[in-house]
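Worksheet for the structure shown next.
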Amino acid sequence: MAETAPLLGQHSTASITCVKKLAESTDLNSIPSYYAYYTNPAETMASDPMIQSPPSISRCSPPTTPIIGPKPSTTWTKPVINHGIPEELMRAVIDVTNEFFNLPEEEKPEFQPENVLEPIRYGTSFNTAKEKVFSWRDFLKVFVHPEFHCPDKPQPLREVLMEYCERSRQVVRKLLKGISQSLGIEETEMEKSLGLNSSLQIFIANLYPRCPDPDTAVGIAPHSDQGLLTLLIQNQVAGLQLQHKGNWVNVTALPNSIMVVIGDHLEIFSNGKYKSVLHRAMVNNEKTRISIAMFNGPSVDTVVSPAARLLRTQAPAYVPMKYKDYLMAQQSNQLYAKSILKRVRIQN
Ligand SMILES: O=C(O)CCC(=O)C(=O)O
Ligand SMILES: [Fe+2]
């Protein structure tokens with residue numbers, strides 16, 4: 001990982017809206033310097049995939065509810081199988097997303113608003129207005145709950161997305177139920193404190209085109225996700241890595257599994273028992289990779305603090321912050337490690 005965040009600054013490349021087009025140029029043998037994220041080859045190295053035993057929702061269904069990791073202090077991500085989401089639906093989400101990215105660029109400006117909290121946003125890297133070094137990634141971000149939004153093209157996107165986001169919320173609710181039990185918190189307390197009935201759910205589609213210099217570029221820079229839980233699927237092409245005990249580890253997706261990634265707000269709500277996971281996406285020079293990250297957070301107006309139940313016996317390790325403000329802070333900066341979480345963590 002880069003030791004320090006690349007310097008902030010206005011870039012002459014601010015008008016770049018898409019890496020796909022660049023990657024498709026026939027004579028591209030190297031990458032422009034503003035995609036050189038890693039300068040030291042050691043930073044891109046990762047260990048072999050860890051073999052993980054997936055928890056299965058149906059096997060763990062109530063009263064023994066699903067678990068993520070062996071104990072609540074985990075910093076781990078887990079693949080979940082038997083989640084109840086049909087494989088065809090997961091494939092359809094990836095296919096229709098690919099269709100969106102394949103639309104002519106001339107048809108996409110309507111999805112490129114200035115405001116980072118607009119409900120439909122297509123773009124490249126993470127925040128080109130703030131980054132000096134870009135990520136080798138195009139993205140589509142759509143707010144799908146509590147209000148459902150969707151680009152009006154390609155035509156099948158709406159139906160597929162609506163079903164996938166509903167099914168994902170059901171999976172997340174089951175997982176959160178298990179997590180609340182593991183923390184000794186009533187499910188209703190969690191629901192109420194986090195405003196889960198109007199939870200913010202964001203669909204993020206990531207496109208990582210083939211890259212001529214995969215050891216220098218990054219698909220998405222090291223970061224933790226800001227919500228409670230992210231459900232991640234991909235098109236059979238590997239690229240996700242997570243940091244475990246200071247080392248980067250490749251994550252291999254089991255067929256038909258969903259990776260569950262713990263986000264900052266679960267870390268805050270659990271007062272640090274669950275730790276959000278530092279992860280990144282790497283690129284390759286053979287195949288285009290698509291990943292779909294479904295972010296599931298509290299409701300935007302919730303002021304999130306560690307659960308009251310936990311604070312009966314523990315000192316708070318995080319200061320309260322409105323979820324919307326947290327989201328704004330994260331989205332309007334460059335993506336860098338756990339930098340936003342650090343702002344609310346109480347240092348001992
Ligand atoms: O593409 C991946 O595997 C990771 C994507 C990701 O971390 C994100 O969208 O937040
Ligand atoms: Fe992420």
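The chains in the structure tokens are called A, B, ... from first to last as shown; in each chain the residues are counted from 1, and the ligands are counted from 1 in the order shown.
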
Problem - Expected answer as an MDAnalysis selection string: residues within 9 Å of ligand 2, only C-alpha atoms and all ligand atoms - result: chainID A and resid 220:226 230 232 261 263 277:281 293 295

Exercise for the section: Find the residues around Asp325 of chain A up to 12 Å (only C-alpha atoms counted), leave out those fewer than 2 positions away in its own chain, and share them as a list of chain:residue names. Expected result: A:Leu117, A:Gln226, A:Ser299, A:Val300, A:Asp301, A:Thr302, A:Val303, A:Val304, A:Pro320, A:Met321, A:Lys322, A:Tyr323, A:Leu327, A:Met328, A:Ala329, A:Gln330, A:Gln331, A:Ser332, A:Ile340, A:Arg343, A:Val344

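Straight-line separation from atom CA of Asn285 of chain A to atom CA of Lys78 of chain A: 27.1 Å.
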
Practice task
Looking only at alpha helix (DSSP H) from DSSP on the backbone, list the matching residues of segment 141-203 of chain A as a ChimeraX atom specification.
Solution key: /A:157-183,187-194

Let me see the file: selected residues, C-alpha atoms, as a PDB file, in the first residue's frame.
```
ATOM      1  CA  LEU A 157     -31.771  -2.832 -15.644  1.00  0.00           C
ATOM      2  CA  ARG A 158     -34.727  -1.624 -13.569  1.00  0.00           C
ATOM      3  CA  GLU A 159     -36.393  -4.981 -13.069  1.00  0.00           C
ATOM      4  CA  VAL A 160     -33.183  -6.885 -12.411  1.00  0.00           C
ATOM      5  CA  LEU A 161     -31.840  -4.272 -10.023  1.00  0.00           C
ATOM      6  CA  MET A 162     -35.085  -3.994  -8.089  1.00  0.00           C
ATOM      7  CA  GLU A 163     -35.194  -7.717  -7.452  1.00  0.00           C
ATOM      8  CA  TYR A 164     -31.510  -7.970  -6.589  1.00  0.00           C
ATOM      9  CA  CYS A 165     -31.598  -5.116  -4.107  1.00  0.00           C
ATOM     10  CA  GLU A 166     -34.684  -6.489  -2.358  1.00  0.00           C
ATOM     11  CA  ARG A 167     -33.169  -9.954  -2.072  1.00  0.00           C
ATOM     12  CA  SER A 168     -29.888  -8.478  -0.825  1.00  0.00           C
ATOM     13  CA  ARG A 169     -31.695  -6.576   1.902  1.00  0.00           C
ATOM     14  CA  GLN A 170     -33.241  -9.830   3.098  1.00  0.00           C
ATOM     15  CA  VAL A 171     -29.790 -11.424   3.310  1.00  0.00           C
ATOM     16  CA  VAL A 172     -28.431  -8.416   5.167  1.00  0.00           C
ATOM     17  CA  ARG A 173     -31.298  -8.442   7.661  1.00  0.00           C
ATOM     18  CA  LYS A 174     -30.584 -12.100   8.443  1.00  0.00           C
ATOM     19  CA  LEU A 175     -26.902 -11.401   8.907  1.00  0.00           C
ATOM     20  CA  LEU A 176     -27.582  -8.368  11.104  1.00  0.00           C
ATOM     21  CA  LYS A 177     -29.926 -10.453  13.210  1.00  0.00           C
ATOM     22  CA  GLY A 178     -27.111 -12.923  13.855  1.00  0.00           C
ATOM     23  CA  ILE A 179     -24.696 -10.110  14.580  1.00  0.00           C
ATOM     24  CA  SER A 180     -27.052  -8.433  17.067  1.00  0.00           C
ATOM     25  CA  GLN A 181     -27.395 -11.749  18.893  1.00  0.00           C
ATOM     26  CA  SER A 182     -23.641 -12.206  18.964  1.00  0.00           C
ATOM     27  CA  LEU A 183     -23.332  -8.770  20.556  1.00  0.00           C
ATOM     28  CA  GLU A 187     -32.758  -7.142  17.274  1.00  0.00           C
ATOM     29  CA  THR A 188     -35.339  -4.412  17.759  1.00  0.00           C
ATOM     30  CA  GLU A 189     -32.757  -2.178  19.441  1.00  0.00           C
ATOM     31  CA  MET A 190     -30.491  -2.522  16.437  1.00  0.00           C
ATOM     32  CA  GLU A 191     -33.374  -1.875  14.038  1.00  0.00           C
ATOM     33  CA  LYS A 192     -34.449   1.202  15.940  1.00  0.00           C
ATOM     34  CA  SER A 193     -31.040   2.699  16.662  1.00  0.00           C
ATOM     35  CA  LEU A 194     -29.923   2.351  13.059  1.00  0.00           C
TER      36      LEU A 194
END
```

Identify, on the basis of only C-alpha atoms, every residue whose closest approach to Pro79 of chain A does not exceed 6 Å; exclude the query and any residue fewer than 4 positions from it along the same chain; express the result as a PDB file with C-alpha atoms, in the first residue's frame.
```
ATOM      1  CA  PRO A  54     -18.298 -20.221   4.306  1.00  0.00           C
ATOM      2  CA  SER A 257     -21.155 -17.198  -3.146  1.00  0.00           C
ATOM      3  CA  ILE A 258     -21.461 -13.624  -1.960  1.00  0.00           C
ATOM      4  CA  MET A 259     -18.622 -11.964  -0.099  1.00  0.00           C
ATOM      5  CA  VAL A 260     -19.755 -10.125   2.989  1.00  0.00           C
TER       6      VAL A 260
END
```

Fill in the blank from the handout: What separates atom CA of Pro119 of chain A and atom CA of Val144 of chain A is a distance of 8.1 Å

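Nearest to ligand 1 of all the residues A:Asn333, A:Asn284, A:Ser270, A:Val251 is A:Val251, counting only C-alpha atoms and all ligand atoms.
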
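Among the candidates A:Phe126, A:Phe143, A:Tyr318, A:Phe269, the one nearest to ligand 1 when counting only C-alpha atoms and all ligand atoms is A:Phe126.
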
Fill in the blank from the handout: Of A:Ser125, A:Glu286, A:Pro316, A:Leu266, the one sitting nearest ligand 1 when using only C-alpha atoms and all ligand atoms is A:Ser125

Considering only C-alpha atoms, return as a compact mmCIF listing (two decimals) with N, CA and C atoms, in the first residue's frame whatever protein or nucleic-acid residues lie within 6 Å of segment 205-218 of chain A, sequence-local ones (same chain, fewer than 6 positions apart) excluded.
```txt
# COMPACT_ATOMS: atom_id res chain seq x y z
N LYS A 20 -12.51 2.95 -19.56
CA LYS A 20 -12.82 1.87 -20.50
C LYS A 20 -12.35 2.24 -21.92
N ASN A 29 0.08 0.43 -24.78
CA ASN A 29 1.05 -0.56 -24.26
C ASN A 29 1.49 -0.23 -22.84
N SER A 30 1.22 0.98 -22.42
CA SER A 30 1.58 1.36 -21.05
C SER A 30 0.48 2.28 -20.54
N TYR A 35 -2.08 7.22 -13.73
CA TYR A 35 -2.63 5.95 -13.21
C TYR A 35 -1.58 5.16 -12.43
N ALA A 36 -0.39 5.74 -12.26
CA ALA A 36 0.69 5.02 -11.56
C ALA A 36 0.49 5.15 -10.06
N TYR A 37 -0.27 4.27 -9.49
CA TYR A 37 -0.57 4.33 -8.05
C TYR A 37 0.57 3.73 -7.25
N TYR A 38 1.09 2.61 -7.73
CA TYR A 38 2.17 1.92 -6.99
C TYR A 38 3.49 2.09 -7.72
N SER A 135 -7.71 5.70 -10.13
CA SER A 135 -7.86 4.25 -10.11
C SER A 135 -8.35 3.78 -11.49
N TRP A 136 -7.94 2.58 -11.85
CA TRP A 136 -8.27 1.99 -13.16
C TRP A 136 -9.68 1.38 -13.07
N ARG A 137 -10.65 2.26 -12.98
CA ARG A 137 -12.01 1.79 -12.67
C ARG A 137 -13.05 2.78 -13.16
N ASP A 138 -14.13 2.28 -13.76
CA ASP A 138 -15.32 3.09 -13.98
C ASP A 138 -16.39 2.55 -13.05
N PHE A 139 -17.33 3.40 -12.68
CA PHE A 139 -18.35 2.93 -11.74
C PHE A 139 -19.72 3.51 -12.04
N LEU A 140 -20.72 2.81 -11.56
CA LEU A 140 -22.09 3.32 -11.55
C LEU A 140 -22.60 3.15 -10.12
N MET A 282 -7.41 -5.21 -7.38
CA MET A 282 -6.29 -5.15 -8.30
C MET A 282 -6.81 -5.41 -9.72
N VAL A 283 -6.00 -5.02 -10.71
CA VAL A 283 -6.43 -5.20 -12.10
C VAL A 283 -5.52 -6.24 -12.77
N ASN A 284 -5.88 -6.65 -13.96
CA ASN A 284 -5.05 -7.63 -14.67
C ASN A 284 -5.01 -7.27 -16.15
N ASN A 285 -4.08 -7.91 -16.87
CA ASN A 285 -3.97 -7.52 -18.29
C ASN A 285 -4.62 -8.54 -19.22
N GLU A 286 -5.48 -9.41 -18.66
CA GLU A 286 -6.11 -10.42 -19.51
C GLU A 286 -7.61 -10.25 -19.70
N LYS A 287 -8.30 -10.00 -18.58
CA LYS A 287 -9.76 -9.98 -18.66
C LYS A 287 -10.35 -8.76 -17.95
N THR A 288 -11.43 -8.27 -18.51
CA THR A 288 -12.17 -7.21 -17.83
C THR A 288 -12.86 -7.80 -16.62
N ARG A 289 -12.79 -7.08 -15.51
CA ARG A 289 -13.47 -7.57 -14.30
C ARG A 289 -14.64 -6.66 -13.97
N ILE A 290 -15.73 -7.27 -13.55
CA ILE A 290 -16.87 -6.49 -13.06
C ILE A 290 -17.17 -6.97 -11.65
N SER A 291 -17.34 -6.05 -10.73
CA SER A 291 -17.82 -6.45 -9.40
C SER A 291 -19.03 -5.59 -9.05
N ILE A 292 -19.91 -6.18 -8.26
CA ILE A 292 -21.11 -5.47 -7.81
C ILE A 292 -21.04 -5.42 -6.30
```

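The smallest atom-to-atom distance between Glu114 of chain A and any of A:Ala129, A:Ala253, A:Ala42, A:Ile16, using only C-alpha atoms, is found for A:Ala129.
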